[in-house]
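A quick write-up on the structure given underneath.
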Amino acid sequence: MIAWSLVLLLLFQEAVINAEHKRTPANTRIKLKILPFLLKSREAANQLPYAIQVIFDCLYGTNTNLKLKSMAVQFVYHLCTSCTDIKMAPVGPVLLSGMTKVIADLSEESKLRGLAFVAVGRLCKLLPALAVRDIAMVQSFFDLLPKESNENKLAIQEAISLIAPAFKELTAPSLFLVEALVMSNIEASEPLRRMMALHFADVVFLPNNLSSRYCMLLATGDVSEEIRNEALQLIHSAVGLNATKPQILDKSADEKLFPSFVDMLSFIQTKAESRLSSNAKVIVGTHTLPFNAAAFEQIIIYLHMCLMYGAGELPDIESATSMKAQAPTMAVYVRQLLCNKEADTAGENAVHIYLLLIQQFLSTTRNSLVMMCLLELVAVACDQLAMQFVDKLDWLQNFMYSGQLEMREHAAELFGIVVAVGLNGPKIEHVLEKLVKNIKEKSLEIQHGSMLAVGYILQKWAASPVKKNIALTHVQEAAKSIAVLLSSRNDVLVFAACTSLGELARSLPLPLPPGELDSKDSSLATTAAVVNVLFAKLTSSQESNAIKEKAINTLAKLCVVDNSFPWRRQILEKLLDSQPKQVEINFATGDALMSAALGSKSPYNRDVWTQTEKDYLTKSLSSEESDYLPWLLEQLLKTYTISSNPLVRQCACVWLLTVVSKVGGHKAVSCQLPNIQTSFIGLLADSDELTQEIASKGLGLVYDKGDEQTKQLLINELLNTLMTGRRKIQEVTGETRIFEEGALGKAVTGDGNLSTYKELCGLASHLNQPDLIYKFMHLANHHAMWNSRKGAAFGFSIIANQARDQLEPHLSKIIPRLYRYQYDPNVKIQQAMTRVWNALVPDSNKMVDTFMQEILQDIISNLTNNMWRTRESCCLALNDFLRGRPLDGVVKELPTLWEILLRVRDDIKESVRIAAEICLLTLARVCTKMCDPNYGKVGIDAMQLVLPVILQNGVRNTLPEIRSLSLSVLVKMSKNAGPLLKPHIAVLVTALIESLSELEPQMANYFSLHAADSQDTLDKLDSARLTASKLSPMMETINLCVQYVDAEVLSELVPRMCDLIRCGVGLGTKAGCASFIISLTVHTPQELPPHAGKLLKAMLTGLTDRNATVRKCYAQAIGHLVKCAKEANVDKLFTKLKRWYMDKEGIKCGN
């Protein structure tokens, strides 16, 4: 610290001190050399009095230049990142004034001014008070945006972004100044100013701030597409248009996502009035609007979102369906507002003002979403709001005949509500007459809008508690005119006809003659004819999915208003037999079946705008009135869920799920709950993944609704299926599908696939191998078993979170299996099991540590399973099990793991071999790590247990890959084990010396054999082989072991070495023996004499070897050994050598 202070002082300060102590400041070149180091030093940045002088000297000194000035500004950056706000607080204003002075000096280089802008931003970010005290500075930055160069524009943008968070904690009146700042720039002429104002508003203000939201709404109508899109994203960021949103709000949360509806409306109303009297107004034709169309649209939508948020739900405006689903919640809040006179704004109720804003917008622009907002607002309080539109029916009719499909639909429904609620009987008849006449027009838009309006008028009229007399002939005429269009070739008209008839039918019986269902009448003048046409559309391959879905919906609505409807049973049977392949239609069919079976209890009978489906069913299901639900359940459980056709089972599963989820409180469902559970468990074993997933969700619902006995039974069933894979026995017929389409290729004739039982029998007969069918069935059962497990996993994952206490006693069985199943080669089963694991196990590592022994025993017992996928999954599971956790408690199992894995490494299946090799490598790393002196007794036990297995089963294995891997492990273990090698040196060294020849390439022996005719060539080849063996990892390990040899080790090692010297085969082994003896004489000269005689006697046999290289190696070893041998042993050696030398015959015979 002292050193940096001196450097800064000497370089940049002419201090007022004694003359003899005065030093001249450094020149510019030295400053340029020193400054880069100051920019990297955290200590220099904290020498604030001197650091400030450095900065100002570089900026305004006598001999400064552009480079020094740039470094000075960069030094400010460095101070902002290296100093705390407490240290910087006293000098912050000084630095800020210096930077603003640089910015204000237009004669400075543009690049330097850009750096200064960013420096100001960083200073304000570190010390927010600097920005708060000088809001005018921020405004000046906005003003400079259009005037600066492109590079400096980016710098100013960065500076404003850095400054913005400083204003977050402001309170009034300072906050009003910031609001004025944003407001003045949001409508500036320069796009960059508007964009930065938008970002500034987003950062500074909370989501419920009125002024900032208003600015963002104005920006949604900006001429720049980039600004419009950014504003839209910020406005809808609270919930996200396409996000999955929770439906229940946390009302205790401090931060509100939207402002109050009344406050926001009042603010916008005030601003709108102000704009109408200024140049900001927008003139469209004869209408004067306060905002342009794009901004006005978003203002209305945002007010709708505020209204919904005030009602207690996060707004969802993604579709008309989602908005309609939230309408009952809004209805309560809107009625509260209508009754709350304190919410008046400018003398009128806030809801009425909102209605006027919507009408003002729709007078100039046709927008279906805004029309939906208007429809929803009027529909939820039609008794109080519909009368406002009675004198505007012509205005609404213009929208009914619009070119936009959605606009016509929403306007027709609003028109129907206004007519039915606001007009008396004769006037309603008059409107119906005109609409029926319009239905017969040729214009598609007029026909479509009029037909929908008729349906909505009659529905609302019939459902109204205030009865208004309308002649039956008018109703019949309207119904006939709609029914005729069911046979239209235009899908839009057919869809509208189904919608209109459905709306009519859910409030009063279809006002047509009943007719006969078996009749061929095509005039559509009877109810039976309408039902037949809808049946035809349901089963036709020519109709679109939307038409089919709407036809299903209409058929169900025909049954709900009147329990005496004559063809209710036939409709139910037809819907059951439809069995659509499309999932969306399947779910629609489930809803239709439930509603048709419930009859008058159906949720179709409710007012969708003011009553939720759940509330209505809670009330209606308490009625004792009979219905068809018991019959429907019996059909589903006894016929459809056990069908041999997979499509039928999938449909039945969807329908059963719909019934349980929506009317689970019905008496018939409660009574059949055990049978429903059994059916869902059976469907879990289905080969179709969608069926399995739906069945799992159904089981979750059954578990929720069941008693303790039912819950325990369900858990036991799932556990049994998950553990064993057994499933419910299924009756097999000729058409039963045994395999999926294409799994076994084409049939013998070339037509169709081999999938059904009949086709498999045909193949077996054609090949004259009747027993082949049994093999096919065995294979199919194997797949079915795993499908059962996968299905059980789906079900298990659903109930795991809810049934944690009940599952606790079974965890010792579940966890080991689940752990292994997560690594199944089949990705789908793997994913299903992983889902169960995640649901059941909150902390994976902790759970594995708890059940470590059970998991390992399960893996070991299945490593040699007769199914390849089990063996492979065990290898992969064991590989993961061994990594990243202490294994001190399973040391005893290491030999077993080595033995089994070395066997599995030679598996017949390639993928199993690969998995086993991966696992072996991991096991090798684990063993190498554990065989360490630092592990204490664990390391000793691991070395003692693992080494013999590797030597016996690995090094001597017939498979080259296993031998190579085993030797590699031995080398690594030996290097890491150190002193732990001592008890095993005798066994280890002899095994490694033997392997020198065993692992030598066979090609070397081949060359040696063929080079025997030329002694020189043979000597060179043997010399190369000898060099290679000395450089091998085995010899490296042998030399490592020598340092741990002592007298105790020699007593066990020498007999083994003597046997190996006499009986060893191969040049590598013999040369290795000689090399090892030489190493012993060097490292253990004191301990070796008692054993030297035995070694000399054994080494003498090598002197008579046919290979000259071997004889030479042994002779060298004897020469080294003599130094350590006793005198008597040396005398015997020389006597024998002398006799051999003098007696040639003695040399030949070796005695």
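Each chain in the structure tokens gets a letter, A, B and so on, in the order shown; residues start at 1 in every chain, and ligands are counted from 1 in the order they appear.
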
TODO: Could you give me, as a list in words, the residues within 12 Å of region 934-937 of chain A, counting only C-alpha atoms and dropping anything in the same chain fewer than 3 positions from it?
DONE: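 Neighbouring residues, sequence-local ones excluded: Pro886, Leu887, Asp888, Val891, Cys927, Thr928, Lys929, Met930, Cys931, Ile940, Asp941, Ala942, Met943, Gln944, Asn976, Ala977, Gly978, Pro979 and Leu980 of chain A.
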
Once DSSP has gone over the backbone, tell me which residues of region 148-342 of chain A are in alpha helix (DSSP H), as a tab-separated table (two decimals) with N, CA and C atoms, in the first residue's frame.
chain	number	residue	atom	x	y	z
A	150	ASN	N	-22.76	7.67	-33.89
A	150	ASN	CA	-23.33	6.34	-33.63
A	150	ASN	C	-22.64	5.65	-32.45
A	151	GLU	N	-21.31	5.80	-32.36
A	151	GLU	CA	-20.60	5.18	-31.25
A	151	GLU	C	-21.01	5.80	-29.93
A	152	ASN	N	-21.13	7.10	-29.91
A	152	ASN	CA	-21.52	7.77	-28.67
A	152	ASN	C	-22.98	7.51	-28.31
A	153	LYS	N	-23.83	7.27	-29.32
A	153	LYS	CA	-25.22	6.90	-29.03
A	153	LYS	C	-25.26	5.61	-28.22
A	154	LEU	N	-24.43	4.66	-28.60
A	154	LEU	CA	-24.36	3.40	-27.85
A	154	LEU	C	-23.87	3.65	-26.44
A	155	ALA	N	-22.88	4.56	-26.30
A	155	ALA	CA	-22.35	4.87	-24.98
A	155	ALA	C	-23.41	5.53	-24.10
A	156	ILE	N	-24.19	6.46	-24.68
A	156	ILE	CA	-25.25	7.12	-23.91
A	156	ILE	C	-26.32	6.11	-23.50
A	157	GLN	N	-26.66	5.19	-24.41
A	157	GLN	CA	-27.64	4.14	-24.07
A	157	GLN	C	-27.15	3.31	-22.89
A	158	GLU	N	-25.88	2.95	-22.93
A	158	GLU	CA	-25.32	2.18	-21.83
A	158	GLU	C	-25.35	2.99	-20.53
A	159	ALA	N	-25.02	4.28	-20.65
A	159	ALA	CA	-25.02	5.13	-19.46
A	159	ALA	C	-26.42	5.24	-18.86
A	160	ILE	N	-27.43	5.45	-19.69
A	160	ILE	CA	-28.81	5.56	-19.19
A	160	ILE	C	-29.25	4.24	-18.55
A	161	SER	N	-28.86	3.12	-19.16
A	161	SER	CA	-29.20	1.81	-18.59
A	161	SER	C	-28.55	1.62	-17.23
A	162	LEU	N	-27.32	2.12	-17.06
A	162	LEU	CA	-26.63	2.00	-15.78
A	162	LEU	C	-27.22	2.94	-14.74
A	163	ILE	N	-27.68	4.11	-15.18
A	163	ILE	CA	-28.24	5.10	-14.25
A	163	ILE	C	-29.63	4.70	-13.78
A	174	SER	N	-39.98	13.30	-5.81
A	174	SER	CA	-38.92	13.04	-6.80
A	174	SER	C	-39.39	12.09	-7.88
A	175	LEU	N	-40.25	11.14	-7.47
A	175	LEU	CA	-40.74	10.17	-8.44
A	175	LEU	C	-41.55	10.84	-9.54
A	176	PHE	N	-42.26	11.90	-9.20
A	176	PHE	CA	-43.05	12.61	-10.21
A	176	PHE	C	-42.14	13.23	-11.27
A	177	LEU	N	-40.95	13.68	-10.84
A	177	LEU	CA	-40.00	14.24	-11.80
A	177	LEU	C	-39.53	13.19	-12.79
A	178	VAL	N	-39.30	11.97	-12.28
A	178	VAL	CA	-38.86	10.88	-13.17
A	178	VAL	C	-40.00	10.50	-14.12
A	179	GLU	N	-41.24	10.49	-13.59
A	179	GLU	CA	-42.38	10.20	-14.46
A	179	GLU	C	-42.48	11.23	-15.57
A	180	ALA	N	-42.27	12.49	-15.21
A	180	ALA	CA	-42.30	13.55	-16.23
A	180	ALA	C	-41.18	13.37	-17.25
A	181	LEU	N	-40.03	12.93	-16.77
A	181	LEU	CA	-38.89	12.67	-17.66
A	181	LEU	C	-39.24	11.61	-18.69
A	182	VAL	N	-39.83	10.51	-18.21
A	182	VAL	CA	-40.21	9.42	-19.13
A	182	VAL	C	-41.30	9.89	-20.08
A	183	MET	N	-42.29	10.60	-19.52
A	183	MET	CA	-43.42	11.03	-20.34
A	183	MET	C	-42.98	11.97	-21.46
A	184	SER	N	-42.01	12.84	-21.15
A	184	SER	CA	-41.56	13.79	-22.16
A	184	SER	C	-40.76	13.14	-23.27
A	185	ASN	N	-40.21	11.98	-23.00
A	185	ASN	CA	-39.37	11.32	-24.01
A	185	ASN	C	-40.07	10.18	-24.74
A	186	ILE	N	-41.19	9.68	-24.18
A	186	ILE	CA	-41.84	8.53	-24.80
A	186	ILE	C	-42.49	8.89	-26.13
A	191	PRO	N	-36.52	8.05	-32.48
A	191	PRO	CA	-36.83	6.68	-32.02
A	191	PRO	C	-35.95	6.22	-30.87
A	192	LEU	N	-34.68	6.65	-30.88
A	192	LEU	CA	-33.77	6.19	-29.83
A	192	LEU	C	-34.18	6.73	-28.47
A	193	ARG	N	-34.64	7.95	-28.44
A	193	ARG	CA	-35.12	8.52	-27.17
A	193	ARG	C	-36.34	7.77	-26.68
A	194	ARG	N	-37.23	7.43	-27.59
A	194	ARG	CA	-38.44	6.70	-27.19
A	194	ARG	C	-38.08	5.31	-26.66
A	195	MET	N	-37.13	4.65	-27.32
A	195	MET	CA	-36.73	3.31	-26.87
A	195	MET	C	-36.09	3.37	-25.49
A	196	MET	N	-35.21	4.34	-25.25
A	196	MET	CA	-34.57	4.44	-23.94
A	196	MET	C	-35.56	4.84	-22.86
A	197	ALA	N	-36.53	5.67	-23.21
A	197	ALA	CA	-37.58	6.03	-22.25
A	197	ALA	C	-38.38	4.80	-21.86
A	198	LEU	N	-38.62	3.94	-22.83
A	198	LEU	CA	-39.35	2.69	-22.57
A	198	LEU	C	-38.58	1.81	-21.60
A	199	HIS	N	-37.29	1.64	-21.84
A	199	HIS	CA	-36.46	0.82	-20.95
A	199	HIS	C	-36.35	1.47	-19.57
A	200	PHE	N	-36.22	2.78	-19.55
A	200	PHE	CA	-36.11	3.49	-18.29
A	200	PHE	C	-37.37	3.26	-17.45
A	201	ALA	N	-38.52	3.34	-18.08
A	201	ALA	CA	-39.78	3.12	-17.36
A	201	ALA	C	-39.87	1.69	-16.82
A	202	ASP	N	-39.38	0.73	-17.59
A	202	ASP	CA	-39.43	-0.66	-17.17
A	202	ASP	C	-38.55	-0.92	-15.95
A	203	VAL	N	-37.36	-0.32	-15.95
A	203	VAL	CA	-36.41	-0.57	-14.86
A	203	VAL	C	-36.80	0.16	-13.59
A	204	VAL	N	-37.23	1.40	-13.72
A	204	VAL	CA	-37.42	2.26	-12.55
A	204	VAL	C	-38.72	1.94	-11.82
A	210	LEU	N	-48.90	3.58	-12.52
A	210	LEU	CA	-49.82	4.02	-13.56
A	210	LEU	C	-49.09	4.72	-14.71
A	211	SER	N	-48.24	5.65	-14.37
A	211	SER	CA	-47.59	6.46	-15.40
A	211	SER	C	-46.71	5.62	-16.32
A	212	SER	N	-45.93	4.72	-15.74
A	212	SER	CA	-45.03	3.89	-16.57
A	212	SER	C	-45.81	2.96	-17.47
A	213	ARG	N	-46.91	2.37	-16.94
A	213	ARG	CA	-47.71	1.48	-17.78
A	213	ARG	C	-48.35	2.27	-18.93
A	214	TYR	N	-48.76	3.48	-18.63
A	214	TYR	CA	-49.37	4.33	-19.67
A	214	TYR	C	-48.34	4.63	-20.76
A	215	CYS	N	-47.11	4.93	-20.36
A	215	CYS	CA	-46.06	5.19	-21.35
A	215	CYS	C	-45.81	3.96	-22.23
A	216	MET	N	-45.80	2.80	-21.61
A	216	MET	CA	-45.60	1.57	-22.38
A	216	MET	C	-46.75	1.34	-23.35
A	217	LEU	N	-47.95	1.64	-22.90
A	217	LEU	CA	-49.11	1.47	-23.77
A	217	LEU	C	-49.03	2.42	-24.96
A	218	LEU	N	-48.57	3.65	-24.72
A	218	LEU	CA	-48.38	4.58	-25.84
A	218	LEU	C	-47.34	4.03	-26.82
A	219	ALA	N	-46.30	3.39	-26.28
A	219	ALA	CA	-45.24	2.86	-27.14
A	219	ALA	C	-45.71	1.69	-27.99
A	225	GLU	N	-41.33	-0.51	-35.52
A	225	GLU	CA	-41.75	-1.88	-35.17
A	225	GLU	C	-40.96	-2.42	-33.98
A	226	GLU	N	-39.68	-2.07	-33.90
A	226	GLU	CA	-38.85	-2.54	-32.80
A	226	GLU	C	-39.38	-2.03	-31.46
A	227	ILE	N	-39.75	-0.76	-31.42
A	227	ILE	CA	-40.29	-0.19	-30.18
A	227	ILE	C	-41.65	-0.81	-29.85
A	228	ARG	N	-42.47	-1.01	-30.87
A	228	ARG	CA	-43.79	-1.63	-30.64
A	228	ARG	C	-43.64	-3.01	-30.02
A	229	ASN	N	-42.77	-3.81	-30.62
A	229	ASN	CA	-42.59	-5.18	-30.12
A	229	ASN	C	-42.02	-5.19	-28.70
A	230	GLU	N	-41.09	-4.30	-28.44
A	230	GLU	CA	-40.50	-4.22	-27.10
A	230	GLU	C	-41.56	-3.81	-26.08
A	231	ALA	N	-42.38	-2.84	-26.44
A	231	ALA	CA	-43.43	-2.39	-25.53
A	231	ALA	C	-44.45	-3.50	-25.27
A	232	LEU	N	-44.82	-4.23	-26.29
A	232	LEU	CA	-45.77	-5.34	-26.12
A	232	LEU	C	-45.20	-6.40	-25.19
A	233	GLN	N	-43.92	-6.68	-25.37
A	233	GLN	CA	-43.29	-7.69	-24.52
A	233	GLN	C	-43.27	-7.24	-23.06
A	234	LEU	N	-42.98	-5.96	-22.82
A	234	LEU	CA	-42.94	-5.46	-21.45
A	234	LEU	C	-44.33	-5.41	-20.83
A	235	ILE	N	-45.32	-5.03	-21.61
A	235	ILE	CA	-46.69	-4.94	-21.09
A	235	ILE	C	-47.20	-6.31	-20.64
A	261	PHE	N	-57.75	-1.56	-11.46
A	261	PHE	CA	-58.53	-1.28	-12.66
A	261	PHE	C	-59.12	0.13	-12.62
A	262	VAL	N	-59.68	0.49	-11.49
A	262	VAL	CA	-60.33	1.80	-11.38
A	262	VAL	C	-59.29	2.91	-11.50
A	263	ASP	N	-58.15	2.76	-10.83
A	263	ASP	CA	-57.11	3.79	-10.89
A	263	ASP	C	-56.54	3.92	-12.29
A	264	MET	N	-56.29	2.77	-12.94
A	264	MET	CA	-55.72	2.81	-14.28
A	264	MET	C	-56.70	3.44	-15.26
A	265	LEU	N	-57.96	3.08	-15.12
A	265	LEU	CA	-58.98	3.63	-16.01
A	265	LEU	C	-59.11	5.14	-15.82
A	266	SER	N	-59.07	5.58	-14.56
A	266	SER	CA	-59.16	7.01	-14.28
A	266	SER	C	-57.98	7.76	-14.88
A	267	PHE	N	-56.78	7.19	-14.75
A	267	PHE	CA	-55.58	7.81	-15.29
A	267	PHE	C	-55.66	7.93	-16.81
A	268	ILE	N	-56.06	6.82	-17.46
A	268	ILE	CA	-56.16	6.83	-18.92
A	268	ILE	C	-57.24	7.79	-19.40
A	269	GLN	N	-58.37	7.83	-18.66
A	269	GLN	CA	-59.44	8.73	-19.03
A	269	GLN	C	-58.99	10.19	-18.98
A	270	THR	N	-58.24	10.51	-17.95
A	270	THR	CA	-57.71	11.87	-17.81
A	270	THR	C	-56.77	12.21	-18.97
A	271	LYS	N	-55.89	11.28	-19.27
A	271	LYS	CA	-54.93	11.49	-20.37
A	271	LYS	C	-55.65	11.57	-21.71
A	272	ALA	N	-56.67	10.75	-21.88
A	272	ALA	CA	-57.42	10.75	-23.15
A	272	ALA	C	-58.11	12.10	-23.36
A	273	GLU	N	-58.73	12.61	-22.32
A	273	GLU	CA	-59.39	13.91	-22.44
A	273	GLU	C	-58.39	15.02	-22.77
A	274	SER	N	-57.22	14.93	-22.15
A	274	SER	CA	-56.19	15.93	-22.41
A	274	SER	C	-55.69	15.85	-23.85
A	275	ARG	N	-55.54	14.65	-24.36
A	275	ARG	CA	-55.03	14.48	-25.73
A	275	ARG	C	-56.07	14.92	-26.76
A	276	LEU	N	-57.33	14.74	-26.45
A	276	LEU	CA	-58.37	15.14	-27.41
A	276	LEU	C	-58.37	16.65	-27.65
A	293	ALA	N	-54.73	3.56	-33.41
A	293	ALA	CA	-55.45	2.28	-33.30
A	293	ALA	C	-54.66	1.24	-32.53
A	294	ALA	N	-53.35	1.14	-32.81
A	294	ALA	CA	-52.54	0.10	-32.16
A	294	ALA	C	-52.46	0.32	-30.66
A	295	ALA	N	-52.19	1.57	-30.26
A	295	ALA	CA	-52.09	1.87	-28.83
A	295	ALA	C	-53.45	1.75	-28.15
A	296	PHE	N	-54.51	2.19	-28.81
A	296	PHE	CA	-55.86	2.13	-28.25
A	296	PHE	C	-56.26	0.67	-28.00
A	297	GLU	N	-55.93	-0.18	-28.94
A	297	GLU	CA	-56.24	-1.62	-28.78
A	297	GLU	C	-55.56	-2.18	-27.53
A	298	GLN	N	-54.26	-1.89	-27.36
A	298	GLN	CA	-53.54	-2.42	-26.22
A	298	GLN	C	-54.01	-1.80	-24.91
A	299	ILE	N	-54.45	-0.55	-24.95
A	299	ILE	CA	-55.00	0.08	-23.74
A	299	ILE	C	-56.24	-0.67	-23.27
A	300	ILE	N	-57.12	-1.01	-24.20
A	300	ILE	CA	-58.35	-1.72	-23.84
A	300	ILE	C	-58.03	-3.12	-23.32
A	301	ILE	N	-57.09	-3.79	-23.98
A	301	ILE	CA	-56.71	-5.14	-23.55
A	301	ILE	C	-56.05	-5.08	-22.17
A	302	TYR	N	-55.20	-4.08	-21.96
A	302	TYR	CA	-54.54	-3.96	-20.67
A	302	TYR	C	-55.54	-3.66	-19.56
A	303	LEU	N	-56.53	-2.84	-19.84
A	303	LEU	CA	-57.58	-2.59	-18.85
A	303	LEU	C	-58.34	-3.86	-18.53
A	304	HIS	N	-58.57	-4.69	-19.54
A	304	HIS	CA	-59.21	-5.98	-19.30
A	304	HIS	C	-58.35	-6.84	-18.37
A	305	MET	N	-57.03	-6.83	-18.60
A	305	MET	CA	-56.12	-7.59	-17.75
A	305	MET	C	-56.14	-7.06	-16.31
A	306	CYS	N	-56.18	-5.75	-16.16
A	306	CYS	CA	-56.28	-5.16	-14.82
A	306	CYS	C	-57.59	-5.58	-14.14
A	307	LEU	N	-58.66	-5.61	-14.92
A	307	LEU	CA	-59.96	-6.01	-14.39
A	307	LEU	C	-59.93	-7.45	-13.92
A	308	MET	N	-59.33	-8.34	-14.72
A	308	MET	CA	-59.24	-9.74	-14.34
A	308	MET	C	-58.33	-9.93	-13.13
A	309	TYR	N	-57.23	-9.18	-13.10
A	309	TYR	CA	-56.31	-9.27	-11.97
A	309	TYR	C	-56.99	-8.80	-10.68
A	310	GLY	N	-57.78	-7.75	-10.82
A	310	GLY	CA	-58.53	-7.27	-9.66
A	310	GLY	C	-59.55	-8.29	-9.18
A	311	ALA	N	-60.03	-9.14	-10.11
A	311	ALA	CA	-60.99	-10.18	-9.74
A	311	ALA	C	-60.33	-11.34	-9.00
A	320	ALA	N	-60.22	-17.00	-26.99
A	320	ALA	CA	-61.56	-16.71	-26.49
A	320	ALA	C	-62.00	-17.77	-25.48
A	321	THR	N	-61.58	-19.00	-25.69
A	321	THR	CA	-61.94	-20.08	-24.77
A	321	THR	C	-61.38	-19.84	-23.38
A	322	SER	N	-60.10	-19.43	-23.33
A	322	SER	CA	-59.48	-19.18	-22.03
A	322	SER	C	-60.11	-17.97	-21.34
A	323	MET	N	-60.47	-16.96	-22.10
A	323	MET	CA	-61.13	-15.79	-21.52
A	323	MET	C	-62.50	-16.17	-20.98
A	324	LYS	N	-63.22	-17.01	-21.72
A	324	LYS	CA	-64.55	-17.43	-21.28
A	324	LYS	C	-64.45	-18.27	-20.01
A	325	ALA	N	-63.36	-19.05	-19.89
A	325	ALA	CA	-63.19	-19.89	-18.70
A	325	ALA	C	-62.98	-19.04	-17.45
A	326	GLN	N	-62.41	-17.84	-17.62
A	326	GLN	CA	-62.17	-16.96	-16.47
A	326	GLN	C	-63.34	-16.02	-16.18
A	327	ALA	N	-64.32	-16.02	-17.07
A	327	ALA	CA	-65.43	-15.07	-16.96
A	327	ALA	C	-66.19	-15.16	-15.63
A	328	PRO	N	-66.49	-16.35	-15.07
A	328	PRO	CA	-67.22	-16.39	-13.80
A	328	PRO	C	-66.51	-15.65	-12.68
A	329	THR	N	-65.19	-15.69	-12.67
A	329	THR	CA	-64.45	-14.94	-11.64
A	329	THR	C	-64.61	-13.46	-11.85
A	330	MET	N	-64.55	-13.03	-13.12
A	330	MET	CA	-64.72	-11.62	-13.42
A	330	MET	C	-66.14	-11.15	-13.07
A	331	ALA	N	-67.11	-12.02	-13.25
A	331	ALA	CA	-68.51	-11.62	-13.03
A	331	ALA	C	-68.72	-11.08	-11.62
A	332	VAL	N	-68.11	-11.75	-10.63
A	332	VAL	CA	-68.28	-11.32	-9.24
A	332	VAL	C	-67.70	-9.93	-9.05
A	333	TYR	N	-66.51	-9.70	-9.60
A	333	TYR	CA	-65.82	-8.42	-9.41
A	333	TYR	C	-66.55	-7.28	-10.14
A	334	VAL	N	-67.02	-7.57	-11.35
A	334	VAL	CA	-67.72	-6.53	-12.12
A	334	VAL	C	-68.99	-6.10	-11.41
A	335	ARG	N	-69.70	-7.05	-10.85
A	335	ARG	CA	-70.94	-6.70	-10.13
A	335	ARG	C	-70.62	-5.88	-8.88
A	336	GLN	N	-69.50	-6.18	-8.25
A	336	GLN	CA	-69.09	-5.38	-7.11
A	336	GLN	C	-68.80	-3.94	-7.53
A	337	LEU	N	-68.11	-3.79	-8.68
A	337	LEU	CA	-67.80	-2.45	-9.17
A	337	LEU	C	-69.06	-1.69	-9.54
A	338	LEU	N	-70.02	-2.38	-10.14
A	338	LEU	CA	-71.26	-1.73	-10.54
A	338	LEU	C	-72.07	-1.25	-9.34
A	339	CYS	N	-71.90	-1.94	-8.22
A	339	CYS	CA	-72.64	-1.54	-7.02
A	339	CYS	C	-71.85	-0.57	-6.15

Task: Counting only C-alpha atoms, the residue of A:Met88, A:Pro207, A:Lys619, A:Leu538 that sits nearest Pro49 (chain A) - done: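 For Pro49 (chain A), the nearest of the candidates is A:Met88.
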
TODO: For Val132 (chain A), please output as a ChimeraX atom specification all residues within 8 Å (counting only C-alpha atoms; exclusion window: fewer than 4 positions along the same chain).
DONE: /A:128,166-167

If you keep all heavy atoms, can you produce a file of those selected residues as a PDB file, in the first residue's frame?
ATOM      1  N   PRO A 128     -25.954   5.827  -6.224  1.00  0.00           N
ATOM      2  CA  PRO A 128     -27.244   6.276  -6.788  1.00  0.00           C
ATOM      3  C   PRO A 128     -27.607   7.707  -6.432  1.00  0.00           C
ATOM      4  O   PRO A 128     -28.289   8.388  -7.195  1.00  0.00           O
ATOM      5  CB  PRO A 128     -28.254   5.286  -6.188  1.00  0.00           C
ATOM      6  CG  PRO A 128     -27.450   4.087  -5.833  1.00  0.00           C
ATOM      7  CD  PRO A 128     -26.115   4.596  -5.435  1.00  0.00           C
ATOM      8  N   ALA A 166     -30.767   3.515 -10.268  1.00  0.00           N
ATOM      9  CA  ALA A 166     -30.587   4.448  -9.155  1.00  0.00           C
ATOM     10  C   ALA A 166     -31.905   5.069  -8.716  1.00  0.00           C
ATOM     11  O   ALA A 166     -32.041   5.522  -7.575  1.00  0.00           O
ATOM     12  CB  ALA A 166     -29.608   5.550  -9.576  1.00  0.00           C
ATOM     13  N   PHE A 167     -32.909   5.096  -9.588  1.00  0.00           N
ATOM     14  CA  PHE A 167     -34.175   5.752  -9.282  1.00  0.00           C
ATOM     15  C   PHE A 167     -35.236   4.791  -8.751  1.00  0.00           C
ATOM     16  O   PHE A 167     -36.385   5.201  -8.558  1.00  0.00           O
ATOM     17  CB  PHE A 167     -34.707   6.463 -10.533  1.00  0.00           C
ATOM     18  CG  PHE A 167     -33.830   7.588 -11.015  1.00  0.00           C
ATOM     19  CD1 PHE A 167     -32.861   7.362 -11.986  1.00  0.00           C
ATOM     20  CD2 PHE A 167     -33.939   8.856 -10.486  1.00  0.00           C
ATOM     21  CE1 PHE A 167     -32.043   8.384 -12.432  1.00  0.00           C
ATOM     22  CE2 PHE A 167     -33.125   9.899 -10.930  1.00  0.00           C
ATOM     23  CZ  PHE A 167     -32.167   9.653 -11.897  1.00  0.00           C
TER      24      PHE A 167
END
